[in-house]
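Asks: Following this line is run.cif, made up of mmCIF, C-alpha atoms and all ligand atoms:
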data_data
loop_
_atom_site.group_PDB
_atom_site.id
_atom_site.type_symbol
_atom_site.label_atom_id
_atom_site.label_comp_id
_atom_site.auth_asym_id
_atom_site.auth_seq_id
_atom_site.Cartn_x
_atom_site.Cartn_y
_atom_site.Cartn_z
ATOM 1 C CA MET A 12 133.159 79.056 125.421
ATOM 2 C CA CYS A 13 134.336 77.271 128.530
ATOM 3 C CA GLU A 14 135.207 74.182 126.469
ATOM 4 C CA LEU A 15 137.165 76.164 123.893
ATOM 5 C CA PHE A 16 138.804 78.977 125.833
ATOM 6 C CA ASP A 17 140.098 79.897 129.263
ATOM 7 C CA THR A 18 136.879 81.756 130.006
ATOM 8 C CA ARG A 19 135.927 84.097 132.812
ATOM 9 C CA LEU A 20 132.151 84.484 132.983
ATOM 10 C CA ASN A 21 129.960 87.161 134.475
ATOM 11 C CA LEU A 22 127.537 84.701 136.014
ATOM 12 C CA THR A 23 125.313 87.258 137.700
ATOM 13 C CA ASP A 24 123.705 88.421 134.418
ATOM 14 C CA LYS A 25 124.164 91.981 135.757
ATOM 15 C CA PRO A 26 126.227 94.594 133.897
ATOM 16 C CA MET A 27 129.860 94.694 134.996
ATOM 17 C CA SER A 28 130.954 97.762 136.960
ATOM 18 C CA ALA A 29 133.430 100.253 135.459
ATOM 19 C CA ALA A 30 136.150 98.812 137.731
ATOM 20 C CA GLU A 31 135.383 95.233 136.632
ATOM 21 C CA LEU A 32 135.489 96.263 132.975
ATOM 22 C CA ALA A 33 138.780 98.113 133.483
ATOM 23 C CA GLU A 34 140.221 94.964 135.058
ATOM 24 C CA ALA A 35 138.857 92.783 132.234
ATOM 25 C CA VAL A 36 140.420 94.856 129.421
ATOM 26 C CA LYS A 37 143.776 94.794 131.248
ATOM 27 C CA THR A 38 143.970 91.024 131.538
ATOM 28 C CA ALA A 39 141.922 89.450 128.727
ATOM 29 C CA ASP A 40 142.789 88.621 125.099
ATOM 30 C CA VAL A 41 139.138 88.851 124.123
ATOM 31 C CA LEU A 42 136.291 90.838 125.638
ATOM 32 C CA VAL A 43 132.651 89.841 125.067
ATOM 33 C CA PRO A 44 130.496 92.820 126.037
ATOM 34 C CA THR A 45 126.786 93.453 125.612
ATOM 35 C CA VAL A 46 124.759 96.598 124.999
ATOM 36 C CA THR A 47 124.979 97.486 128.709
ATOM 37 C CA ASP A 48 128.816 97.621 128.734
ATOM 38 C CA ARG A 49 130.253 101.007 127.662
ATOM 39 C CA ILE A 50 133.523 100.261 125.910
ATOM 40 C CA ASP A 51 134.572 103.868 125.386
ATOM 41 C CA ALA A 52 137.839 105.452 124.217
ATOM 42 C CA ASN A 53 139.065 105.867 127.792
ATOM 43 C CA LEU A 54 138.547 102.200 128.628
ATOM 44 C CA ILE A 55 140.226 101.167 125.371
ATOM 45 C CA ALA A 56 143.188 103.493 126.065
ATOM 46 C CA ASN A 57 143.689 101.659 129.363
ATOM 47 C CA ALA A 58 143.452 98.164 127.839
ATOM 48 C CA GLY A 59 146.390 95.822 128.263
ATOM 49 C CA PRO A 60 148.555 94.793 125.288
ATOM 50 C CA ARG A 61 146.865 91.363 125.205
ATOM 51 C CA LEU A 62 143.433 92.674 124.254
ATOM 52 C CA LYS A 63 143.063 92.000 120.528
ATOM 53 C CA LEU A 64 139.365 91.303 120.004
ATOM 54 C CA ILE A 65 136.093 92.765 121.235
ATOM 55 C CA ALA A 66 133.452 90.209 120.223
ATOM 56 C CA ASN A 67 130.198 92.016 120.992
ATOM 57 C CA PHE A 68 127.212 89.875 122.010
ATOM 58 C CA GLY A 69 124.759 91.968 120.009
ATOM 59 C CA ASN A 70 124.201 93.479 116.594
ATOM 60 C CA GLY A 71 124.416 97.185 117.457
ATOM 61 C CA VAL A 72 127.939 98.306 118.373
ATOM 62 C CA ASP A 73 127.088 101.793 119.633
ATOM 63 C CA ASN A 74 128.278 100.664 123.082
ATOM 64 C CA ILE A 75 131.809 100.405 121.659
ATOM 65 C CA ASP A 76 134.115 103.136 120.369
ATOM 66 C CA VAL A 77 134.999 101.214 117.209
ATOM 67 C CA THR A 78 137.320 103.959 115.937
ATOM 68 C CA ALA A 79 139.367 103.965 119.142
ATOM 69 C CA ALA A 80 139.526 100.156 119.159
ATOM 70 C CA THR A 81 140.577 99.955 115.504
ATOM 71 C CA ALA A 82 143.238 102.635 116.033
ATOM 72 C CA ARG A 83 144.754 100.408 118.730
ATOM 73 C CA GLY A 84 144.664 97.369 116.490
ATOM 74 C CA ILE A 85 141.759 95.787 118.378
ATOM 75 C CA ILE A 86 139.228 94.056 116.143
ATOM 76 C CA VAL A 87 135.508 94.506 116.836
ATOM 77 C CA THR A 88 132.864 91.962 115.783
ATOM 78 C CA ASN A 89 129.080 91.762 116.236
ATOM 79 C CA THR A 90 126.274 89.211 115.790
ATOM 80 C CA PRO A 91 124.319 90.202 112.657
ATOM 81 C CA LYS A 92 121.478 88.339 110.892
ATOM 82 C CA VAL A 93 120.508 85.923 113.678
ATOM 83 C CA LEU A 94 118.241 88.406 115.477
ATOM 84 C CA THR A 95 116.717 90.006 112.373
ATOM 85 C CA ASP A 96 113.472 88.008 112.324
ATOM 86 C CA ASP A 97 112.804 88.238 116.060
ATOM 87 C CA THR A 98 113.402 91.988 116.072
ATOM 88 C CA ALA A 99 111.173 92.418 113.024
ATOM 89 C CA ASP A 100 108.442 90.338 114.715
ATOM 90 C CA MET A 101 108.618 92.591 117.774
ATOM 91 C CA THR A 102 108.452 95.676 115.550
ATOM 92 C CA MET A 103 105.317 94.270 113.944
ATOM 93 C CA ALA A 104 103.853 93.546 117.385
ATOM 94 C CA LEU A 105 104.372 97.209 118.345
ATOM 95 C CA ILE A 106 103.026 98.434 114.994
ATOM 96 C CA LEU A 107 99.845 96.481 115.745
ATOM 97 C CA SER A 108 99.653 97.100 119.462
ATOM 98 C CA VAL A 109 99.505 100.885 119.417
ATOM 99 C CA PRO A 110 96.744 101.565 116.843
ATOM 100 C CA ARG A 111 94.769 98.479 117.985
ATOM 101 C CA ARG A 112 95.140 99.385 121.709
ATOM 102 C CA LEU A 113 96.416 95.924 122.608
ATOM 103 C CA ALA A 114 98.138 96.748 125.898
ATOM 104 C CA GLU A 115 95.202 98.910 127.013
ATOM 105 C CA GLY A 116 92.700 96.185 126.176
ATOM 106 C CA ALA A 117 94.739 93.507 127.936
ATOM 107 C CA THR A 118 94.605 95.426 131.215
ATOM 108 C CA VAL A 119 90.798 95.668 131.132
ATOM 109 C CA LEU A 120 90.424 92.040 132.167
ATOM 110 C CA THR A 121 93.119 92.123 134.833
ATOM 111 C CA GLY A 122 92.244 95.550 136.317
ATOM 112 C CA ASP A 123 90.229 96.401 139.441
ATOM 113 C CA LYS A 124 86.894 96.810 137.669
ATOM 114 C CA ASP A 125 84.865 94.086 135.975
ATOM 115 C CA TRP A 126 84.483 94.232 132.220
ATOM 116 C CA SER A 127 81.003 95.584 131.493
ATOM 117 C CA GLY A 128 80.791 93.785 128.129
ATOM 118 C CA TRP A 129 81.016 94.517 124.426
ATOM 119 C CA THR A 130 79.620 97.768 123.079
ATOM 120 C CA PRO A 131 79.634 99.120 119.516
ATOM 121 C CA THR A 132 81.861 102.126 120.173
ATOM 122 C CA TRP A 133 84.140 101.013 123.000
ATOM 123 C CA MET A 134 87.932 100.492 122.618
ATOM 124 C CA LEU A 135 88.011 101.546 118.999
ATOM 125 C CA GLY A 136 91.431 101.841 117.440
ATOM 126 C CA HIS A 137 92.740 102.172 113.919
ATOM 127 C CA ARG A 138 93.053 99.598 111.129
ATOM 128 C CA ILE A 139 96.624 99.152 109.930
ATOM 129 C CA GLY A 140 95.740 97.686 106.502
ATOM 130 C CA GLY A 141 96.038 100.342 103.797
ATOM 131 C CA LYS A 142 98.104 102.661 106.009
ATOM 132 C CA ARG A 143 101.481 104.070 104.991
ATOM 133 C CA LEU A 144 104.470 102.765 106.918
ATOM 134 C CA GLY A 145 107.676 104.803 106.689
ATOM 135 C CA ILE A 146 110.731 102.714 107.582
ATOM 136 C CA ILE A 147 113.841 104.636 108.592
ATOM 137 C CA GLY A 148 116.761 102.329 107.794
ATOM 138 C CA MET A 149 116.183 99.693 105.120
ATOM 139 C CA GLY A 150 118.884 97.223 106.166
ATOM 140 C CA ARG A 151 118.240 93.631 107.169
ATOM 141 C CA ILE A 152 115.749 94.449 109.936
ATOM 142 C CA GLY A 153 113.994 97.212 107.971
ATOM 143 C CA ARG A 154 113.452 94.832 105.052
ATOM 144 C CA ALA A 155 112.198 92.068 107.358
ATOM 145 C CA VAL A 156 109.695 94.556 108.846
ATOM 146 C CA ALA A 157 108.617 95.597 105.334
ATOM 147 C CA LYS A 158 108.057 91.952 104.340
ATOM 148 C CA ARG A 159 105.842 91.359 107.356
ATOM 149 C CA ALA A 160 103.946 94.646 107.000
ATOM 150 C CA ARG A 161 103.212 93.857 103.328
ATOM 151 C CA ALA A 162 101.374 90.746 104.491
ATOM 152 C CA PHE A 163 99.150 93.023 106.623
ATOM 153 C CA GLY A 164 98.295 95.157 103.580
ATOM 154 C CA VAL A 165 100.420 98.098 104.726
ATOM 155 C CA GLN A 166 102.027 100.344 102.076
ATOM 156 C CA ILE A 167 105.806 100.377 102.385
ATOM 157 C CA HIS A 168 107.854 103.572 102.212
ATOM 158 C CA TYR A 169 111.441 104.001 103.328
ATOM 159 C CA HIS A 170 114.325 106.387 103.849
ATOM 160 C CA ASN A 171 117.846 104.976 103.787
ATOM 161 C CA ARG A 172 121.388 106.209 103.237
ATOM 162 C CA ARG A 173 121.385 104.352 99.933
ATOM 163 C CA ARG A 174 118.525 103.248 97.755
ATOM 164 C CA VAL A 175 118.049 99.466 98.018
ATOM 165 C CA PRO A 176 118.404 97.290 94.872
ATOM 166 C CA ALA A 177 115.518 97.532 92.422
ATOM 167 C CA ASP A 178 114.547 93.859 92.840
ATOM 168 C CA VAL A 179 114.210 94.328 96.627
ATOM 169 C CA GLU A 180 112.101 97.452 96.093
ATOM 170 C CA ARG A 181 109.913 95.575 93.627
ATOM 171 C CA GLU A 182 109.447 92.574 95.892
ATOM 172 C CA LEU A 183 108.494 94.769 98.856
ATOM 173 C CA GLU A 184 106.549 97.231 96.666
ATOM 174 C CA ALA A 185 108.542 99.854 98.530
ATOM 175 C CA THR A 186 108.744 103.555 97.722
ATOM 176 C CA CYS A 187 112.077 105.237 98.415
ATOM 177 C CA TRP A 188 112.123 108.777 99.835
ATOM 178 C CA GLU A 189 115.390 110.607 99.443
ATOM 179 C CA SER A 190 114.004 113.353 101.644
ATOM 180 C CA LEU A 191 113.272 112.229 105.199
ATOM 181 C CA ASP A 192 111.271 115.451 105.694
ATOM 182 C CA GLN A 193 108.939 114.631 102.841
ATOM 183 C CA MET A 194 108.443 111.042 103.955
ATOM 184 C CA LEU A 195 107.706 112.004 107.567
ATOM 185 C CA ALA A 196 104.989 114.447 106.537
ATOM 186 C CA ARG A 197 103.052 111.756 104.663
ATOM 187 C CA MET A 198 103.228 108.612 106.828
ATOM 188 C CA ASP A 199 100.688 107.003 109.190
ATOM 189 C CA ILE A 200 103.286 104.907 111.014
ATOM 190 C CA ILE A 201 107.049 105.465 111.340
ATOM 191 C CA SER A 202 109.327 102.572 112.244
ATOM 192 C CA VAL A 203 112.925 103.268 113.274
ATOM 193 C CA ASN A 204 115.207 100.443 112.123
ATOM 194 C CA CYS A 205 118.582 102.084 111.537
ATOM 195 C CA PRO A 206 121.686 101.679 113.703
ATOM 196 C CA HIS A 207 122.626 104.324 116.257
ATOM 197 C CA THR A 208 125.724 106.143 114.985
ATOM 198 C CA PRO A 209 126.881 109.760 115.367
ATOM 199 C CA ALA A 210 124.956 110.484 112.135
ATOM 200 C CA THR A 211 121.656 109.055 113.435
ATOM 201 C CA TYR A 212 121.764 110.482 116.983
ATOM 202 C CA HIS A 213 118.432 112.375 117.354
ATOM 203 C CA LEU A 214 117.707 111.784 113.682
ATOM 204 C CA LEU A 215 114.069 112.179 114.713
ATOM 205 C CA SER A 216 114.784 115.617 116.171
ATOM 206 C CA ALA A 217 112.161 118.094 117.366
ATOM 207 C CA ARG A 218 112.135 119.632 113.871
ATOM 208 C CA HIS A 219 111.578 116.238 112.258
ATOM 209 C CA LEU A 220 108.931 115.141 114.784
ATOM 210 C CA LYS A 221 107.001 118.342 114.076
ATOM 211 C CA LEU A 222 106.642 117.243 110.446
ATOM 212 C CA LEU A 223 104.602 114.167 111.452
ATOM 213 C CA ARG A 224 100.844 114.077 111.078
ATOM 214 C CA LYS A 225 98.738 114.347 114.234
ATOM 215 C CA SER A 226 97.408 110.853 113.530
ATOM 216 C CA ALA A 227 100.880 109.275 113.158
ATOM 217 C CA PHE A 228 102.363 106.549 115.375
ATOM 218 C CA VAL A 229 106.094 106.098 115.977
ATOM 219 C CA VAL A 230 107.658 102.687 116.614
ATOM 220 C CA ASN A 231 111.270 102.196 117.703
ATOM 221 C CA THR A 232 113.009 98.841 118.150
ATOM 222 C CA ALA A 233 116.482 100.147 117.196
ATOM 223 C CA ARG A 234 118.013 102.523 119.738
ATOM 224 C CA GLY A 235 116.441 105.191 121.945
ATOM 225 C CA GLU A 236 119.109 107.731 121.063
ATOM 226 C CA ILE A 237 117.801 107.979 117.479
ATOM 227 C CA ILE A 238 114.690 109.867 118.695
ATOM 228 C CA ASP A 239 114.561 113.067 120.723
ATOM 229 C CA GLU A 240 112.554 111.117 123.297
ATOM 230 C CA ASP A 241 111.514 114.015 125.506
ATOM 231 C CA THR A 242 110.098 115.936 122.541
ATOM 232 C CA LEU A 243 108.302 112.798 121.348
ATOM 233 C CA ALA A 244 106.721 112.352 124.788
ATOM 234 C CA ARG A 245 105.694 116.029 124.995
ATOM 235 C CA MET A 246 104.166 115.925 121.509
ATOM 236 C CA ILE A 247 102.118 112.816 122.331
ATOM 237 C CA GLU A 248 100.981 114.525 125.556
ATOM 238 C CA SER A 249 99.808 117.565 123.612
ATOM 239 C CA GLY A 250 98.112 115.494 120.885
ATOM 240 C CA GLU A 251 100.545 116.537 118.124
ATOM 241 C CA ILE A 252 101.454 112.841 117.548
ATOM 242 C CA ALA A 253 98.957 110.008 118.141
ATOM 243 C CA GLY A 254 101.158 107.532 119.995
ATOM 244 C CA ALA A 255 104.265 105.380 120.072
ATOM 245 C CA GLY A 256 105.492 101.834 120.597
ATOM 246 C CA LEU A 257 108.982 101.788 122.072
ATOM 247 C CA ASP A 258 111.251 98.860 122.882
ATOM 248 C CA VAL A 259 114.323 101.051 123.434
ATOM 249 C CA PHE A 260 115.020 104.249 125.378
ATOM 250 C CA GLU A 261 117.534 107.076 125.423
ATOM 251 C CA ASN A 262 118.842 106.387 128.924
ATOM 252 C CA GLU A 263 118.277 102.675 129.500
ATOM 253 C CA PRO A 264 117.435 101.264 131.951
ATOM 254 C CA ALA A 265 115.917 104.601 133.046
ATOM 255 C CA VAL A 266 112.669 105.416 131.279
ATOM 256 C CA ASN A 267 111.373 108.967 130.877
ATOM 257 C CA PRO A 268 108.545 109.414 133.460
ATOM 258 C CA ARG A 269 106.472 111.197 130.798
ATOM 259 C CA LEU A 270 106.507 107.986 128.756
ATOM 260 C CA ILE A 271 105.443 105.915 131.767
ATOM 261 C CA ARG A 272 102.511 108.305 132.352
ATOM 262 C CA LEU A 273 101.563 108.066 128.676
ATOM 263 C CA ALA A 274 101.737 104.250 128.854
ATOM 264 C CA LYS A 275 99.367 104.305 131.836
ATOM 265 C CA ALA A 276 97.042 106.511 129.798
ATOM 266 C CA GLY A 277 97.183 104.013 126.902
ATOM 267 C CA LYS A 278 98.903 106.406 124.482
ATOM 268 C CA VAL A 279 102.149 104.468 124.204
ATOM 269 C CA VAL A 280 103.259 100.862 124.576
ATOM 270 C CA LEU A 281 106.620 100.396 126.272
ATOM 271 C CA LEU A 282 108.718 97.228 126.269
ATOM 272 C CA PRO A 283 112.010 96.712 128.127
ATOM 273 C CA HIS A 284 114.404 96.154 125.172
ATOM 274 C CA MET A 285 112.994 92.724 124.263
ATOM 275 C CA GLY A 286 113.452 92.759 120.468
ATOM 276 C CA SER A 287 115.905 89.862 120.332
ATOM 277 C CA ALA A 288 114.781 88.203 123.560
ATOM 278 C CA THR A 289 114.105 84.679 122.323
ATOM 279 C CA TYR A 290 116.040 81.537 123.251
ATOM 280 C CA GLU A 291 116.705 81.037 119.546
ATOM 281 C CA SER A 292 118.209 84.507 118.935
ATOM 282 C CA ARG A 293 120.319 84.506 122.060
ATOM 283 C CA ASN A 294 121.700 80.992 121.384
ATOM 284 C CA ASP A 295 122.529 81.934 117.797
ATOM 285 C CA MET A 296 124.147 85.187 118.974
ATOM 286 C CA GLY A 297 126.319 83.135 121.326
ATOM 287 C CA GLU A 298 127.289 80.803 118.473
ATOM 288 C CA LYS A 299 128.288 83.827 116.388
ATOM 289 C CA VAL A 300 130.439 85.190 119.208
ATOM 290 C CA ILE A 301 132.228 81.818 119.459
ATOM 291 C CA VAL A 302 132.773 81.565 115.688
ATOM 292 C CA ASN A 303 134.200 85.101 115.639
ATOM 293 C CA ILE A 304 136.611 84.333 118.491
ATOM 294 C CA GLN A 305 137.683 80.938 117.165
ATOM 295 C CA THR A 306 138.231 82.249 113.615
ATOM 296 C CA PHE A 307 140.328 85.096 114.965
ATOM 297 C CA MET A 308 142.330 82.764 117.214
ATOM 298 C CA ASP A 309 142.982 80.497 114.208
ATOM 299 C CA GLY A 310 144.587 83.469 112.464
ATOM 300 C CA HIS A 311 141.771 84.323 110.043
ATOM 301 C CA LYS A 312 139.546 87.353 109.609
ATOM 302 C CA PRO A 313 136.479 86.912 111.847
ATOM 303 C CA PRO A 314 133.297 86.835 109.727
ATOM 304 C CA ASP A 315 131.469 89.646 111.492
ATOM 305 C CA ARG A 316 134.183 92.277 111.680
ATOM 306 C CA ILE A 317 133.030 95.899 112.091
ATOM 307 C CA LEU A 318 135.129 98.668 110.548
ATOM 308 C CA PRO A 319 134.684 102.368 111.379
ATOM 309 C CA ALA A 320 133.775 103.016 107.717
ATOM 310 C CA MET A 321 130.730 100.723 108.100
ATOM 311 C CA LEU A 322 129.190 103.000 110.736
HETATM 312 C C1 LIG A 401 120.733 92.745 121.938
HETATM 313 C C2 LIG A 401 120.206 94.652 120.383
HETATM 314 O O1 LIG A 401 120.145 91.774 122.676
HETATM 315 O O2 LIG A 401 121.728 93.328 119.157
HETATM 316 C C3 LIG A 401 121.284 94.438 119.391
HETATM 317 O O3 LIG A 401 121.710 95.437 118.779
HETATM 318 O O4 LIG A 401 119.685 95.678 120.455
HETATM 319 C C4 LIG A 401 119.698 93.648 121.348
HETATM 320 O O5 LIG A 401 118.589 93.040 120.822
HETATM 321 C C5 LIG A 401 121.716 93.499 122.769
HETATM 322 O O6 LIG A 401 122.307 94.527 122.044
HETATM 323 C C6 LIG A 401 122.781 92.609 123.342
HETATM 324 O O7 LIG A 401 124.017 93.237 123.463
#
Is it possible to give me this structure as structure tokens?
Replies:
Amino acid sequence: MCELFDTRLNLTDKPMSAAELAEAVKTADVLVPTVTDRIDANLIANAGPRLKLIANFGNGVDNIDVTAATARGIIVTNTPKVLTDDTADMTMALILSVPRRLAEGATVLTGDKDWSGWTPTWMLGHRIGGKRLGIIGMGRIGRAVAKRARAFGVQIHYHNRRRVPADVERELEATCWESLDQMLARMDIISVNCPHTPATYHLLSARHLKLLRKSAFVVNTARGEIIDEDTLARMIESGEIAGAGLDVFENEPAVNPRLIRLAKAGKVVLLPHMGSATYESRNDMGEKVIVNIQTFMDGHKPPDRILPAML
């Protein structure tokens, strides 16, 4: 970016303050935010006339008020596709880690007490082969999760705004559920892979969570806001849901203390938003940001433009 543009960098790798962001939107032609930068309607209303492009470093654009930006003639782009596989891998890791008690087992050898050795009934978990996985959101990441889970012998079910093409369903041996309620009541594992939009905020509401089986596990690598997190934590505490694997949280970087207690008790596995945290994903995301900016500056439509109707 420094070679191509007159670039101001946030070298600290810490989120910019509200004042720094306000200053940036007043003076820049292009803003490159991340998930931690709230680009809301108020900030956009106070942007200078130069600001023409918000090239998000990230796939999800729920940190940006796309409608407000579009109304002001500011284009918004994201970085799709390049983090699909890494996020799906992390989803699979969480799908495995909760029923197979991976995090709990790993602490046995590094804890205060010595390991007393193998026994026939110790640290038993649940096999994932043959179980039913319900994927909420069958876009790129949902399909990549389905492909991986198939290889583990998991049965694929999904709920999506639109049914996916028949050839994709066939290849993934996936069953489509028009009714989220009906799918939730029948699954062993739920994986959240849809974007966070006004329509998916608390999609897994208290009412929906109550439909889950007592033996079900919930995995979320999308956005914390899609699940009523406090209800999820309370239901795991009371044994109404078996456990969860979460890479994202409702109020990042704050994490619900109930979830931390449950993690210490081995009921949930918590990761600090690491889904796309590989050198490969982050480099490719950067490349996408640059291509979007350069294409726009050359007077063409940037390839990864987000329109309000897409959300
Ligand atoms: C990104 C993500 O690293 O791209 C996304 O939507 O959730 C993350 O994996 C982050 O959003 C960067 O802005």
Asks: At a cut-off of 10 Å, using all atoms listed in the file, what residues contact stretch 187-200 of chain A? Leave out same-chain residues fewer than 6 positions from it and give the result as a PDB file with C-alpha atoms, keeping the file's coordinate frame.
Replies:
ATOM      1  CA  ILE A 106     103.026  98.434 114.994  1.00  0.00           C
ATOM      2  CA  PRO A 110      96.744 101.565 116.843  1.00  0.00           C
ATOM      3  CA  ILE A 139      96.624  99.152 109.930  1.00  0.00           C
ATOM      4  CA  GLY A 141      96.038 100.342 103.797  1.00  0.00           C
ATOM      5  CA  LYS A 142      98.104 102.661 106.009  1.00  0.00           C
ATOM      6  CA  ARG A 143     101.481 104.070 104.991  1.00  0.00           C
ATOM      7  CA  LEU A 144     104.470 102.765 106.918  1.00  0.00           C
ATOM      8  CA  GLY A 145     107.676 104.803 106.689  1.00  0.00           C
ATOM      9  CA  ILE A 146     110.731 102.714 107.582  1.00  0.00           C
ATOM     10  CA  ILE A 147     113.841 104.636 108.592  1.00  0.00           C
ATOM     11  CA  MET A 149     116.183  99.693 105.120  1.00  0.00           C
ATOM     12  CA  VAL A 165     100.420  98.098 104.726  1.00  0.00           C
ATOM     13  CA  GLN A 166     102.027 100.344 102.076  1.00  0.00           C
ATOM     14  CA  ILE A 167     105.806 100.377 102.385  1.00  0.00           C
ATOM     15  CA  HIS A 168     107.854 103.572 102.212  1.00  0.00           C
ATOM     16  CA  TYR A 169     111.441 104.001 103.328  1.00  0.00           C
ATOM     17  CA  HIS A 170     114.325 106.387 103.849  1.00  0.00           C
ATOM     18  CA  ASN A 171     117.846 104.976 103.787  1.00  0.00           C
ATOM     19  CA  ARG A 172     121.388 106.209 103.237  1.00  0.00           C
ATOM     20  CA  ARG A 173     121.385 104.352  99.933  1.00  0.00           C
ATOM     21  CA  ARG A 174     118.525 103.248  97.755  1.00  0.00           C
ATOM     22  CA  VAL A 175     118.049  99.466  98.018  1.00  0.00           C
ATOM     23  CA  GLU A 180     112.101  97.452  96.093  1.00  0.00           C
ATOM     24  CA  LEU A 214     117.707 111.784 113.682  1.00  0.00           C
ATOM     25  CA  LEU A 215     114.069 112.179 114.713  1.00  0.00           C
ATOM     26  CA  ARG A 218     112.135 119.632 113.871  1.00  0.00           C
ATOM     27  CA  HIS A 219     111.578 116.238 112.258  1.00  0.00           C
ATOM     28  CA  LEU A 220     108.931 115.141 114.784  1.00  0.00           C
ATOM     29  CA  LYS A 221     107.001 118.342 114.076  1.00  0.00           C
ATOM     30  CA  LEU A 222     106.642 117.243 110.446  1.00  0.00           C
ATOM     31  CA  LEU A 223     104.602 114.167 111.452  1.00  0.00           C
ATOM     32  CA  ARG A 224     100.844 114.077 111.078  1.00  0.00           C
ATOM     33  CA  LYS A 225      98.738 114.347 114.234  1.00  0.00           C
ATOM     34  CA  SER A 226      97.408 110.853 113.530  1.00  0.00           C
ATOM     35  CA  ALA A 227     100.880 109.275 113.158  1.00  0.00           C
ATOM     36  CA  PHE A 228     102.363 106.549 115.375  1.00  0.00           C
ATOM     37  CA  VAL A 229     106.094 106.098 115.977  1.00  0.00           C
ATOM     38  CA  VAL A 230     107.658 102.687 116.614  1.00  0.00           C
ATOM     39  CA  ALA A 253      98.957 110.008 118.141  1.00  0.00           C
ATOM     40  CA  GLY A 254     101.158 107.532 119.995  1.00  0.00           C
ATOM     41  CA  ALA A 255     104.265 105.380 120.072  1.00  0.00           C
TER      42      ALA A 255
END
Asks: When the PyMOL selection byres (((not hetatm)) within 9 of (chain A and resi 401)) is applied to the structure above, which residues does it catch, written out as a PyMOL selection string?
Replies: chain A and resi 44-48+67-74+89-91+94+97-98+206+232-234+259+284-288+292-293+296
Asks: What is the distance, in Å and to one decimal place, between atom CA of A:Asp315 and atom CA of A:Lys299?
Replies: 8.2 Å
Asks: Translate the PyMOL selection byres (((chain A and resi 41) around 7) and not hetatm) into a concrete residue list for this structure, as a PyMOL selection string.
Replies: chain A and resi 39-40+42-43+62-65
Asks: Just to be explicit: take each residue in the selection above, keep C-alpha atoms, and write the result as a compact mmCIF listing (two decimals), in the coordinates of the input.
Replies:
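Result file follows (again_9.txt):
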# COMPACT_ATOMS: atom_id res chain seq x y z
CA ALA A 39 141.92 89.45 128.73
CA ASP A 40 142.79 88.62 125.10
CA LEU A 42 136.29 90.84 125.64
CA VAL A 43 132.65 89.84 125.07
CA LEU A 62 143.43 92.67 124.25
CA LYS A 63 143.06 92.00 120.53
CA LEU A 64 139.36 91.30 120.00
CA ILE A 65 136.09 92.76 121.24
Asks: Pick from A:Ser216, A:Gln305, A:Asn21, A:Asn57: nearest to A:Lys37, with only C-alpha atoms counted?
Replies: A:Asn57
Asks: Identify all residues satisfying the PyMOL selection byres (((chain A and resi 265-278) around 8) and not hetatm) in the given file; provide them as an mmCIF file with C-alpha atoms, keeping the file's coordinate frame.
Replies:
data_model
loop_
_atom_site.group_PDB
_atom_site.id
_atom_site.type_symbol
_atom_site.label_atom_id
_atom_site.label_comp_id
_atom_site.auth_asym_id
_atom_site.auth_seq_id
_atom_site.Cartn_x
_atom_site.Cartn_y
_atom_site.Cartn_z
ATOM 1 C CA VAL A 109 99.505 100.885 119.417
ATOM 2 C CA ARG A 112 95.140 99.385 121.709
ATOM 3 C CA ALA A 114 98.138 96.748 125.898
ATOM 4 C CA GLU A 115 95.202 98.910 127.013
ATOM 5 C CA GLU A 240 112.554 111.117 123.297
ATOM 6 C CA ASP A 241 111.514 114.015 125.506
ATOM 7 C CA ALA A 244 106.721 112.352 124.788
ATOM 8 C CA ARG A 245 105.694 116.029 124.995
ATOM 9 C CA ILE A 247 102.118 112.816 122.331
ATOM 10 C CA GLU A 248 100.981 114.525 125.556
ATOM 11 C CA ALA A 253 98.957 110.008 118.141
ATOM 12 C CA GLY A 254 101.158 107.532 119.995
ATOM 13 C CA ALA A 255 104.265 105.380 120.072
ATOM 14 C CA PHE A 260 115.020 104.249 125.378
ATOM 15 C CA GLU A 261 117.534 107.076 125.423
ATOM 16 C CA ASN A 262 118.842 106.387 128.924
ATOM 17 C CA GLU A 263 118.277 102.675 129.500
ATOM 18 C CA PRO A 264 117.435 101.264 131.951
ATOM 19 C CA VAL A 279 102.149 104.468 124.204
ATOM 20 C CA VAL A 280 103.259 100.862 124.576
ATOM 21 C CA LEU A 281 106.620 100.396 126.272
#
Asks: Which of these residues is nearest to A:Ala66, using all atoms listed in the file: A:Ile237, A:Met103, A:Leu183, A:Ala80?
Replies: A:Ala80
